[in-house]
file entry.csv (CSV, C-alpha atoms)
chain,number,residue,atom,x,y,z
A,341,MET,CA,6.7,0.8,67.3
A,342,LYS,CA,3.0,0.3,68.1
A,343,LYS,CA,2.3,3.8,66.8
A,344,HIS,CA,4.0,3.0,63.4
A,345,LEU,CA,2.0,-0.3,63.2
A,346,ILE,CA,-1.3,1.6,64.0
A,347,LYS,CA,-0.5,4.2,61.2
A,348,PHE,CA,0.3,1.4,58.7
A,349,ASN,CA,-2.9,-0.4,59.5
A,350,CYS,CA,-5.0,2.8,59.2
A,351,GLY,CA,-3.4,3.5,55.9
A,352,ILE,CA,-4.3,0.1,54.6
A,353,LEU,CA,-7.9,0.5,55.9
A,354,ILE,CA,-8.3,3.9,54.3
A,355,PHE,CA,-6.9,2.7,50.9
A,356,SER,CA,-9.2,-0.3,51.0
A,357,LEU,CA,-12.2,1.9,51.7
A,358,ILE,CA,-11.3,4.2,48.8
A,359,PHE,CA,-10.8,1.3,46.5
A,360,VAL,CA,-14.2,-0.2,47.5
A,361,LEU,CA,-16.0,3.1,47.1
A,362,CYS,CA,-14.4,3.8,43.6
A,363,SER,CA,-15.3,0.3,42.5
A,364,ALA,CA,-18.9,0.7,43.7
A,365,LEU,CA,-19.1,4.0,41.8
A,366,PHE,CA,-17.3,2.9,38.6
A,367,PHE,CA,-18.9,-0.6,38.3
A,368,PRO,CA,-22.4,0.6,37.3
A,369,PHE,CA,-20.8,3.2,35.1
A,370,PHE,CA,-18.6,0.6,33.3
A,371,LYS,CA,-21.5,-1.8,33.1
A,372,GLY,CA,-23.6,0.9,31.5
A,373,ILE,CA,-20.9,1.8,28.9
A,374,SER,CA,-20.3,-1.9,28.1
A,375,SER,CA,-24.0,-2.4,27.5
A,376,LYS,CA,-24.2,0.6,25.3
A,377,ILE,CA,-21.1,-0.5,23.3
A,378,HIS,CA,-22.7,-4.0,22.7
A,379,SER,CA,-26.0,-2.5,21.7
A,380,ALA,CA,-24.4,0.0,19.3
A,381,ALA,CA,-22.3,-2.8,17.7
A,382,SER,CA,-25.4,-5.0,17.3
A,383,TYR,CA,-27.3,-2.0,15.7
A,384,TYR,CA,-24.6,-1.2,13.2
A,385,CYS,CA,-24.1,-4.8,12.2
A,386,ASN,CA,-27.8,-5.2,11.5
A,387,PHE,CA,-27.9,-1.8,9.7
A,388,PHE,CA,-24.9,-2.8,7.6
A,389,GLU,CA,-26.5,-6.2,6.6
A,390,GLU,CA,-29.7,-4.5,5.7
A,391,LYS,CA,-28.0,-2.0,3.4
A,392,THR,CA,-25.4,-4.2,1.7
A,393,GLY,CA,-26.5,-7.8,2.0
A,394,LEU,CA,-23.2,-8.5,3.8
A,395,SER,CA,-23.2,-9.7,7.4
A,396,ILE,CA,-20.7,-8.8,10.2
A,397,SER,CA,-20.2,-11.1,13.1
A,398,TYR,CA,-17.6,-11.3,16.0
A,399,ARG,CA,-16.8,-13.7,18.7
A,400,SER,CA,-16.1,-11.3,21.5
A,401,LEU,CA,-16.1,-7.6,22.3
A,402,SER,CA,-14.2,-6.7,25.4
A,403,PRO,CA,-14.3,-3.0,26.5
A,404,SER,CA,-11.9,-1.8,29.2
A,405,ILE,CA,-13.0,1.5,30.8
A,406,PHE,CA,-9.4,2.7,31.3
A,407,ASN,CA,-7.5,1.2,28.3
A,408,GLY,CA,-9.7,0.7,25.3
A,409,LEU,CA,-11.7,-1.8,23.3
A,410,ARG,CA,-10.8,-5.2,21.8
A,411,ILE,CA,-12.8,-7.1,19.2
A,412,ARG,CA,-11.9,-10.7,18.3
A,413,ASN,CA,-12.7,-12.9,15.3
A,414,ILE,CA,-14.5,-10.5,13.1
A,415,ILE,CA,-16.0,-12.1,9.9
A,416,LEU,CA,-17.6,-10.3,6.9
A,417,ALA,CA,-19.7,-12.7,4.9
A,418,ASP,CA,-22.2,-12.8,2.0
A,419,VAL,CA,-25.6,-13.4,3.5
A,420,GLN,CA,-26.8,-15.3,0.4
A,421,ASP,CA,-24.2,-18.1,0.3
A,422,GLY,CA,-22.5,-17.6,3.7
A,423,ASN,CA,-19.0,-17.4,2.1
A,424,SER,CA,-16.6,-15.4,4.3
A,425,ILE,CA,-14.9,-12.5,2.5
A,426,ILE,CA,-13.0,-10.8,5.3
A,427,GLU,CA,-11.6,-12.4,8.5
A,428,ILE,CA,-9.9,-10.3,11.2
A,429,LYS,CA,-8.2,-12.0,14.1
A,430,LYS,CA,-8.5,-9.0,16.4
A,431,ILE,CA,-8.8,-5.2,16.5
A,432,ASP,CA,-7.5,-3.2,19.5
A,433,ILE,CA,-8.7,0.4,19.9
A,434,ARG,CA,-6.9,2.5,22.6
A,435,TYR,CA,-8.4,5.7,23.8
A,436,ASN,CA,-7.9,8.5,26.4
A,437,LEU,CA,-10.8,8.2,29.0
A,438,LEU,CA,-10.9,11.9,29.9
A,439,SER,CA,-10.9,13.0,26.2
A,440,LEU,CA,-13.6,10.4,25.5
A,441,ILE,CA,-15.8,11.9,28.1
A,442,PHE,CA,-15.2,15.6,27.6
A,443,SER,CA,-14.1,16.1,24.0
A,444,LYS,CA,-14.9,14.7,20.5
A,445,LYS,CA,-15.0,11.0,20.3
A,446,LEU,CA,-12.6,10.6,17.3
A,447,SER,CA,-9.8,12.8,18.9
A,448,ALA,CA,-10.0,10.6,22.0
A,449,ILE,CA,-8.7,7.6,20.1
A,450,LYS,CA,-4.9,7.1,20.6
A,451,ASP,CA,-4.3,4.3,18.1
A,452,VAL,CA,-6.0,1.4,16.3
A,453,THR,CA,-4.2,-2.0,15.8
A,454,LEU,CA,-5.5,-4.5,13.3
A,455,ASP,CA,-3.9,-7.9,13.5
A,456,GLY,CA,-4.6,-10.9,11.3
A,457,PHE,CA,-6.6,-9.4,8.4
A,458,VAL,CA,-7.5,-11.8,5.6
A,459,LEU,CA,-9.4,-10.8,2.4
A,460,GLU,CA,-10.1,-13.4,-0.3
A,461,LEU,CA,-12.1,-12.7,-3.5
A,462,ASP,CA,-12.8,-15.0,-6.4
A,463,LYS,CA,-13.8,-13.3,-9.7
A,464,SER,CA,-16.3,-16.0,-10.6
A,465,ARG,CA,-17.7,-16.8,-7.2
A,466,ASP,CA,-17.8,-13.3,-5.7
A,467,SER,CA,-18.9,-11.3,-8.7
A,468,THR,CA,-21.8,-9.7,-6.8
A,469,VAL,CA,-19.8,-9.0,-3.7
A,470,LEU,CA,-18.1,-5.9,-5.1
A,471,GLU,CA,-21.4,-4.5,-6.2
A,472,LYS,CA,-22.6,-4.9,-2.6
A,473,ILE,CA,-19.6,-3.2,-1.2
A,474,LYS,CA,-20.3,-0.3,-3.6
A,475,LEU,CA,-23.5,0.2,-1.7
A,476,LEU,CA,-21.5,1.4,1.2
A,477,THR,CA,-21.3,4.8,-0.5
A,478,SER,CA,-25.0,5.2,0.0
A,479,ILE,CA,-24.8,4.8,3.8
A,480,LEU,CA,-21.7,7.0,4.3
A,481,PRO,CA,-22.0,10.6,5.5
A,482,ASN,CA,-22.5,13.2,2.8
A,483,SER,CA,-23.6,10.5,0.3
A,484,GLU,CA,-25.9,13.0,-1.5
A,485,GLU,CA,-22.9,15.4,-1.9
A,486,ASN,CA,-20.8,12.5,-3.2
A,487,LYS,CA,-23.5,11.7,-5.8
A,488,LYS,CA,-23.6,15.3,-6.9
A,489,ASN,CA,-19.8,15.3,-7.3
A,490,GLU,CA,-20.0,12.1,-9.3
A,491,GLN,CA,-22.5,13.7,-11.7
A,492,ASN,CA,-20.3,16.7,-12.1
A,493,GLU,CA,-17.3,14.6,-12.9
A,494,MET,CA,-19.2,13.0,-15.8
A,495,LEU,CA,-19.6,16.5,-17.4
A,496,PRO,CA,-16.9,17.4,-20.0
A,497,GLU,CA,-14.1,19.6,-18.7
A,498,LYS,CA,-12.1,22.2,-20.5
A,499,ASN,CA,-9.0,21.6,-18.5
A,500,SER,CA,-8.9,18.1,-16.9
A,501,ALA,CA,-5.2,18.5,-15.9
A,502,PHE,CA,-6.0,21.6,-13.8
A,503,SER,CA,-8.9,19.8,-12.2
A,504,THR,CA,-6.6,16.8,-11.3
A,505,ILE,CA,-4.1,18.9,-9.4
A,506,LYS,CA,-6.9,21.0,-7.9
A,507,ASP,CA,-8.6,17.9,-6.5
A,508,PHE,CA,-5.3,16.5,-5.3
A,509,GLN,CA,-4.4,19.7,-3.4
A,510,LYS,CA,-7.7,19.3,-1.5
A,511,LEU,CA,-6.4,16.2,0.1
A,512,SER,CA,-4.6,16.3,3.5
A,513,ALA,CA,-2.3,13.7,4.9
A,514,ILE,CA,-3.8,13.8,8.4
A,515,LEU,CA,-4.6,10.8,10.7
A,516,PRO,CA,-6.8,11.4,13.8
A,517,PHE,CA,-5.0,8.5,15.4
A,518,ASP,CA,-2.1,6.2,14.8
A,519,VAL,CA,-2.8,3.0,12.7
A,520,PHE,CA,-0.9,-0.3,12.9
A,521,LEU,CA,-1.5,-3.2,10.6
A,522,LYS,CA,0.0,-6.7,11.2
A,523,ASN,CA,-0.3,-10.0,9.3
A,524,VAL,CA,-2.5,-8.8,6.5
A,525,SER,CA,-3.3,-11.2,3.6
A,526,LEU,CA,-5.1,-10.2,0.4
A,527,LYS,CA,-5.9,-12.8,-2.2
A,528,TYR,CA,-7.6,-12.4,-5.6
A,529,HIS,CA,-8.5,-15.3,-7.9
A,530,ALA,CA,-9.3,-14.8,-11.6
A,531,GLU,CA,-9.7,-18.2,-13.4
A,532,GLU,CA,-6.3,-19.8,-13.1
A,533,GLN,CA,-4.5,-16.6,-12.0
A,534,LEU,CA,-3.9,-15.8,-8.4
A,535,ALA,CA,-2.5,-12.6,-6.9
A,536,ILE,CA,-1.4,-12.5,-3.2
A,537,VAL,CA,-0.4,-9.5,-1.1
A,538,GLN,CA,1.1,-10.3,2.3
A,539,ILE,CA,1.6,-7.3,4.5
A,540,LYS,CA,3.9,-8.1,7.4
A,541,LYS,CA,3.4,-4.6,9.0
A,542,VAL,CA,2.3,-1.1,8.2
A,543,ASN,CA,2.8,1.6,10.8
A,544,LEU,CA,1.2,5.0,10.3
A,545,ALA,CA,1.9,7.6,13.0
A,546,PHE,CA,0.8,11.2,12.7
A,547,LEU,CA,3.3,13.7,14.3
A,548,GLU,CA,1.3,16.6,15.6
A,549,ARG,CA,4.3,19.0,16.0
A,550,SER,CA,5.7,18.6,12.4
A,551,ARG,CA,2.2,17.8,10.9
A,552,GLN,CA,3.4,14.8,8.9
A,553,ILE,CA,2.8,11.0,8.8
A,554,MET,CA,5.6,8.6,9.6
A,555,LEU,CA,5.4,5.5,7.4
A,556,ASN,CA,7.0,2.1,8.0
A,557,SER,CA,5.9,-1.0,6.2
A,558,SER,CA,7.1,-4.4,4.9
A,559,CYS,CA,5.3,-6.4,2.2
A,560,VAL,CA,5.5,-9.5,-0.1
A,561,LEU,CA,3.7,-9.7,-3.5
A,562,LYS,CA,3.1,-13.0,-5.3
A,563,TYR,CA,1.5,-13.6,-8.7
A,564,TYR,CA,0.7,-17.0,-10.2
A,565,SER,CA,-0.1,-17.0,-13.9
A,566,SER,CA,-1.5,-20.6,-13.7
A,567,GLU,CA,-2.3,-23.2,-11.1
A,568,ASN,CA,1.0,-25.1,-11.4
A,569,ALA,CA,3.2,-22.2,-12.2
A,570,LYS,CA,5.9,-20.9,-9.9
A,571,PRO,CA,5.1,-17.4,-8.6
A,572,LEU,CA,6.5,-14.0,-9.5
A,573,ASN,CA,7.8,-13.0,-6.1
A,574,VAL,CA,8.5,-9.4,-4.9
A,575,GLU,CA,9.6,-8.5,-1.4
A,576,PHE,CA,10.0,-4.9,-0.4
A,577,SER,CA,9.8,-2.4,2.5
A,578,ALA,CA,8.9,1.3,2.6
A,579,GLY,CA,9.7,4.0,5.1
A,580,GLY,CA,9.6,7.8,5.1
A,581,THR,CA,7.5,10.9,5.8
A,582,ILE,CA,4.4,12.3,4.3
A,583,PRO,CA,3.7,16.0,5.2
A,584,GLU,CA,0.1,17.2,5.7
A,585,SER,CA,0.2,19.1,2.3
A,586,PHE,CA,2.1,16.3,0.6
A,587,ASN,CA,4.8,18.8,-0.4
A,588,GLY,CA,8.1,17.4,0.6
A,589,THR,CA,7.0,13.8,0.7
A,590,SER,CA,10.0,11.4,0.9
A,591,VAL,CA,9.6,7.7,0.9
A,592,SER,CA,12.4,5.1,0.5
A,593,LEU,CA,11.4,1.8,-1.3
A,594,LYS,CA,13.8,-1.2,-0.8
A,595,VAL,CA,13.1,-4.2,-3.1
A,596,SER,CA,15.0,-7.0,-1.4
A,597,SER,CA,13.9,-9.7,-3.8
A,598,LEU,CA,12.4,-9.9,-7.3
A,599,SER,CA,12.3,-13.4,-8.8
A,600,SER,CA,10.5,-15.9,-11.0
A,601,THR,CA,11.2,-19.0,-12.9
A,602,SER,CA,12.9,-17.1,-15.7
A,603,PHE,CA,14.8,-14.4,-13.8
A,604,SER,CA,16.2,-13.4,-10.4
A,605,PHE,CA,16.8,-9.8,-9.5
A,606,GLY,CA,18.7,-8.7,-6.5
A,607,ARG,CA,18.4,-5.7,-4.2
A,608,LEU,CA,17.0,-2.5,-5.7
A,609,ASN,CA,16.7,0.8,-3.8
A,610,LEU,CA,14.1,3.5,-5.0
A,611,HIS,CA,13.1,6.9,-3.7
A,612,LEU,CA,9.6,8.4,-4.2
A,613,GLY,CA,9.1,12.1,-3.7
A,614,TYR,CA,6.4,14.7,-4.3
A,615,GLN,CA,6.8,18.5,-4.6
A,616,ASN,CA,4.5,21.2,-6.1
A,617,GLY,CA,2.4,18.8,-8.3
A,618,MET,CA,5.3,16.7,-9.4
A,619,PHE,CA,5.8,13.0,-8.5
A,620,ASP,CA,9.4,11.6,-8.8
A,621,LEU,CA,10.5,8.0,-8.6
A,622,ARG,CA,14.2,7.2,-9.0
A,623,THR,CA,16.8,4.5,-8.2
A,624,VAL,CA,19.4,5.3,-5.5
A,625,GLN,CA,22.6,3.5,-4.4
A,626,ASN,CA,22.2,0.3,-6.4
A,627,ALA,CA,24.7,-2.5,-6.7
A,628,TYR,CA,24.0,-2.7,-10.5
A,629,PRO,CA,25.2,-0.2,-13.1
A,630,ILE,CA,21.6,0.8,-13.8
A,631,SER,CA,19.8,4.2,-13.4
A,632,PHE,CA,16.1,4.7,-13.7
A,633,ARG,CA,13.9,7.8,-13.1
A,634,SER,CA,10.3,8.5,-13.8
A,635,THR,CA,8.2,11.7,-13.2
A,636,TYR,CA,4.5,12.6,-13.4
A,637,ASP,CA,3.4,16.3,-13.6
A,638,LEU,CA,-0.2,16.7,-12.3
A,639,LYS,CA,-0.4,20.2,-13.9
A,640,SER,CA,0.2,19.0,-17.5
A,641,SER,CA,-0.6,15.2,-17.1
A,642,GLN,CA,2.8,14.5,-18.5
A,643,ALA,CA,4.7,11.3,-17.6
A,644,LYS,CA,8.4,10.8,-18.4
A,645,ALA,CA,10.8,7.9,-17.9
A,646,GLU,CA,14.5,7.6,-18.3
A,647,LEU,CA,16.7,4.4,-18.2
A,648,LYS,CA,20.5,4.2,-18.4
A,649,THR,CA,22.9,1.3,-18.1
A,650,ASP,CA,26.6,1.1,-18.3
A,651,SER,CA,28.2,-2.3,-19.3
A,652,LEU,CA,25.3,-4.0,-17.5
A,653,LYS,CA,25.6,-7.8,-17.5
A,654,LEU,CA,21.9,-8.2,-17.9
A,655,ALA,CA,21.9,-12.0,-18.4
A,656,SER,CA,23.8,-12.8,-15.2
A,657,MET,CA,21.4,-10.6,-13.3
A,658,LEU,CA,18.2,-11.9,-14.8
A,659,LEU,CA,18.6,-15.5,-16.1
A,660,PRO,CA,18.6,-18.6,-13.8
A,661,GLN,CA,22.0,-19.7,-12.4
A,662,LYS,CA,22.3,-22.6,-14.8
A,663,LYS,CA,22.6,-20.2,-17.7
A,664,ASN,CA,24.9,-17.7,-16.1
A,665,LYS,CA,28.1,-19.4,-17.3
A,666,LYS,CA,27.0,-19.1,-20.9
A,667,PHE,CA,25.2,-15.8,-21.0
A,668,GLY,CA,26.8,-14.0,-18.0
A,669,LYS,CA,29.2,-12.0,-20.1
A,670,ILE,CA,26.7,-10.2,-22.4
A,671,GLU,CA,27.0,-6.5,-21.7
A,672,LEU,CA,24.3,-3.9,-22.3
A,673,SER,CA,25.0,-0.1,-22.5
A,674,LEU,CA,22.0,2.1,-23.4
A,675,SER,CA,20.2,5.3,-22.8
A,676,ALA,CA,16.4,5.4,-23.3
A,677,ASN,CA,13.8,8.2,-22.8
A,678,ALA,CA,10.1,8.1,-23.1
A,679,SER,CA,7.2,10.5,-22.4
A,680,TYR,CA,3.4,10.3,-22.6
A,681,ASN,CA,0.7,13.0,-22.2
A,682,PHE,CA,-2.6,11.6,-20.7
A,683,ASN,CA,-4.5,14.6,-22.1
A,684,SER,CA,-3.3,14.6,-25.7
A,685,LYS,CA,-2.6,10.8,-25.8
A,686,LYS,CA,0.7,11.5,-27.5
A,687,ALA,CA,3.9,9.6,-26.8
A,688,GLU,CA,7.5,10.2,-27.7
A,689,TYR,CA,10.6,8.1,-27.2
A,690,ASN,CA,14.3,7.7,-28.2
A,691,SER,CA,17.0,5.2,-27.4
A,692,PHE,CA,20.6,4.5,-28.3
A,693,GLY,CA,23.3,2.1,-27.2
A,694,ASN,CA,25.0,-1.2,-27.8
A,695,ILE,CA,24.9,-4.8,-26.9
A,696,ASN,CA,28.2,-6.7,-26.7
A,697,VAL,CA,27.8,-10.5,-27.2
A,698,PRO,CA,31.0,-12.5,-26.4
A,699,ASN,CA,32.4,-15.5,-28.2
A,700,GLU,CA,31.0,-17.8,-25.5
A,701,VAL,CA,27.5,-17.0,-26.6
A,702,PHE,CA,28.0,-16.5,-30.4
A,703,LYS,CA,31.0,-17.8,-32.3
A,704,GLY,CA,33.4,-14.9,-32.8
A,705,GLY,CA,31.1,-12.6,-30.9
A,706,PHE,CA,29.5,-9.4,-32.2
A,707,LEU,CA,28.6,-5.8,-31.2
A,708,LEU,CA,25.1,-4.5,-32.0
A,709,ASP,CA,24.9,-0.7,-32.1
A,710,TYR,CA,21.6,1.2,-32.6
A,711,ASN,CA,20.0,4.6,-32.4
A,712,LEU,CA,16.2,5.1,-32.8
A,713,PHE,CA,13.4,7.6,-32.0
A,714,GLY,CA,9.7,7.9,-32.6
A,715,ASP,CA,6.3,8.9,-31.4
A,716,SER,CA,2.7,7.6,-31.3
A,717,GLU,CA,2.5,7.3,-35.0
A,718,SER,CA,5.9,6.3,-36.3
A,719,VAL,CA,9.4,5.1,-35.5
A,720,SER,CA,12.7,6.0,-37.2
A,721,VAL,CA,16.0,4.1,-37.0
A,722,LYS,CA,19.0,6.4,-37.4
A,723,LYS,CA,21.5,3.7,-36.9
A,724,LEU,CA,21.6,-0.1,-36.7
A,725,SER,CA,24.9,-2.0,-37.2
A,726,VAL,CA,26.2,-5.4,-36.2
A,727,LEU,CA,30.0,-5.9,-36.2
A,728,GLY,CA,31.8,-9.1,-35.7
A,729,PRO,CA,34.3,-11.5,-37.3
A,730,ALA,CA,31.5,-13.8,-38.6
A,731,LEU,CA,29.1,-11.0,-39.7
A,732,ASP,CA,29.2,-7.3,-40.7
A,733,LEU,CA,25.8,-5.6,-41.3

call {"tool": "encode", "arguments": {"input": "entry.csv", "output": "structure tokens"}}
result
Amino acid sequence: MKKHLIKFNCGILIFSLIFVLCSALFFPFFKGISSKIHSAASYYCNFFEEKTGLSISYRSLSPSIFNGLRIRNIILADVQDGNSIIEIKKIDIRYNLLSLIFSKKLSAIKDVTLDGFVLELDKSRDSTVLEKIKLLTSILPNSEENKKNEQNEMLPEKNSAFSTIKDFQKLSAILPFDVFLKNVSLKYHAEEQLAIVQIKKVNLAFLERSRQIMLNSSCVLKYYSSENAKPLNVEFSAGGTIPESFNGTSVSLKVSSLSSTSFSFGRLNLHLGYQNGMFDLRTVQNAYPISFRSTYDLKSSQAKAELKTDSLKLASMLLPQKKNKKFGKIELSLSANASYNFNSKKAEYNSFGNINVPNEVFKGGFLLDYNLFGDSESVSVKKLSVLGPALDL
């Protein structure tokens, strides 16, 4: 019994000695790293202010030698008037210590979490701020190369569509580390108008094995046309995968609410895809008898859109509830196609269908039947008829 007790006490003593020795070795190392981090942060804040006229301040910077770095209460402000432009509650940066020591610094970062990001701009008040932010391009790496590229872009090109897809194919959907955004608020004032983007979450994770980015996000958009007006409100979420080459991109967009004072639209499901220079956005599995599809070809700069409805009760879906009893039985059946080429600036369109207005809306009711087509210069009506007991045109 005494031998077991002696072994146990010796084990505790040895562990304590190891802990004390490790602490004695790591404390100066950690203290040196912490000092270098604070010095580097102070240097870059001063450098940023000198180049842009915008100041960066933070309340605390807490490095952890084994886990990562946390920065709290970051504020980006205009030096001249002191107005804050961006406020960030906290940023957490997690890294791998061994990779940080023995490999490239960027690859050592596991993920970055940004929580409580607030950006507020006023068109009249912050007119010079955007110009100052543009100065960032002069302090970024390869700025001289960027300037040369900008000058080359100003030269006339024989085939701008080819250049567009060529430039797009140079992009790669690669993240050196995972990115998580939470509680992001973006506000923009322009006279009496106000636009607000509230991002509940955005998760971007790069899967090394399949070489693609996993996307998961949830957002709310609000637009006020005047100070006392009720907002246009859009709530949606997005989720899917974005491969490294973008080919095979598949993102599901779910609009859970789209409403304003004059209309209220229910759930709408969309799918966004990309393959070989072609973007494709279409509706999928919707509760309403409506079908929409739009495409954009990077090679030809051609955009196309198609809309179809089958006995769609448009009024009951869009108008306020008080008017549903009267207008809810109006039915709309149509097919519409439109195309526009951004190189030639030419547009073409055609549409045909009918609108069935019941007796509750117009005495006796009527059926409007039409068929039209046109382009950028003209429109032709092949058919336009209104049939009903009270009128016949």

call {"tool": "closest_residue", "arguments": {"input": "entry.csv", "among": "A:Ser395, A:Asn386, A:Asn616, A:Ser592", "to": "Ile425 (chain A)", "atoms": "only C-alpha atoms"}}
result
A:Ser395

call {"tool": "closest_residue", "arguments": {"input": "entry.csv", "among": "A:Leu638, A:Val697, A:Ala687, A:Cys385", "to": "Ser718 (chain A)", "atoms": "all atoms listed in the file"}}
result
A:Ala687

call {"tool": "residues_around", "arguments": {"input": "entry.csv", "residues": "region 400-415 of chain A", "least_positions_apart": "5", "cutoff": "6 Å", "atoms": "all atoms listed in the file", "output": "PyMOL selection string"}}
result
chain A and resi 426-435

call {"tool": "write_last_selection", "arguments": {"input": "entry.csv", "atoms": "C-alpha atoms", "output": "PDB file, in the frame of the given file"}}
result
ATOM      1  CA  ILE A 426     -13.000 -10.800   5.300  1.00  0.00           C
ATOM      2  CA  GLU A 427     -11.600 -12.400   8.500  1.00  0.00           C
ATOM      3  CA  ILE A 428      -9.900 -10.300  11.200  1.00  0.00           C
ATOM      4  CA  LYS A 429      -8.200 -12.000  14.100  1.00  0.00           C
ATOM      5  CA  LYS A 430      -8.500  -9.000  16.400  1.00  0.00           C
ATOM      6  CA  ILE A 431      -8.800  -5.200  16.500  1.00  0.00           C
ATOM      7  CA  ASP A 432      -7.500  -3.200  19.500  1.00  0.00           C
ATOM      8  CA  ILE A 433      -8.700   0.400  19.900  1.00  0.00           C
ATOM      9  CA  ARG A 434      -6.900   2.500  22.600  1.00  0.00           C
ATOM     10  CA  TYR A 435      -8.400   5.700  23.800  1.00  0.00           C
TER      11      TYR A 435
END

call {"tool": "atom_distance", "arguments": {"input": "entry.csv", "atom1": "CA of Lys644 (chain A)", "atom2": "CA of His611 (chain A)"}}
result
15.9 Å

call {"tool": "atom_distance", "arguments": {"input": "entry.csv", "atom1": "CA of Ser679 (chain A)", "atom2": "CA of Ala645 (chain A)"}}
result
6.3 Å

call {"tool": "closest_residue", "arguments": {"input": "entry.csv", "among": "A:Asn626, A:Asn696, A:Asn573, A:Asn568", "to": "Lys594 (chain A)", "atoms": "all atoms listed in the file"}}
result
A:Asn626

call {"tool": "atom_distance", "arguments": {"input": "entry.csv", "atom1": "CA of Phe692 (chain A)", "atom2": "CA of Phe713 (chain A)"}}
result
8.7 Å

call {"tool": "residues_near_point", "arguments": {"input": "entry.csv", "point": "(18.1, 5.5, -12.4)", "cutoff": "12 Å", "atoms": "only C-alpha atoms", "output": "CSV table (one decimal) with C-alpha atoms, keeping the file's coordinate frame"}}
result
chain,number,residue,atom,x,y,z
A,608,LEU,CA,17.0,-2.5,-5.7
A,609,ASN,CA,16.7,0.8,-3.8
A,610,LEU,CA,14.1,3.5,-5.0
A,611,HIS,CA,13.1,6.9,-3.7
A,620,ASP,CA,9.4,11.6,-8.8
A,621,LEU,CA,10.5,8.0,-8.6
A,622,ARG,CA,14.2,7.2,-9.0
A,623,THR,CA,16.8,4.5,-8.2
A,624,VAL,CA,19.4,5.3,-5.5
A,625,GLN,CA,22.6,3.5,-4.4
A,626,ASN,CA,22.2,0.3,-6.4
A,627,ALA,CA,24.7,-2.5,-6.7
A,628,TYR,CA,24.0,-2.7,-10.5
A,629,PRO,CA,25.2,-0.2,-13.1
A,630,ILE,CA,21.6,0.8,-13.8
A,631,SER,CA,19.8,4.2,-13.4
A,632,PHE,CA,16.1,4.7,-13.7
A,633,ARG,CA,13.9,7.8,-13.1
A,634,SER,CA,10.3,8.5,-13.8
A,635,THR,CA,8.2,11.7,-13.2
A,645,ALA,CA,10.8,7.9,-17.9
A,646,GLU,CA,14.5,7.6,-18.3
A,647,LEU,CA,16.7,4.4,-18.2
A,648,LYS,CA,20.5,4.2,-18.4
A,649,THR,CA,22.9,1.3,-18.1
A,650,ASP,CA,26.6,1.1,-18.3
A,675,SER,CA,20.2,5.3,-22.8
A,676,ALA,CA,16.4,5.4,-23.3
A,677,ASN,CA,13.8,8.2,-22.8

call {"tool": "residues_around", "arguments": {"input": "entry.csv", "residues": "Pro516 (chain A)", "least_positions_apart": "3", "cutoff": "10 Å", "atoms": "all atoms listed in the file", "output": "ChimeraX atom specification"}}
result
/A:446-451,519,545-546,548

call {"tool": "closest_residue", "arguments": {"input": "entry.csv", "among": "A:Gln552, A:Ser641, A:Ser604, A:Asn543", "to": "Ala578 (chain A)", "atoms": "only C-alpha atoms"}}
result
A:Asn543
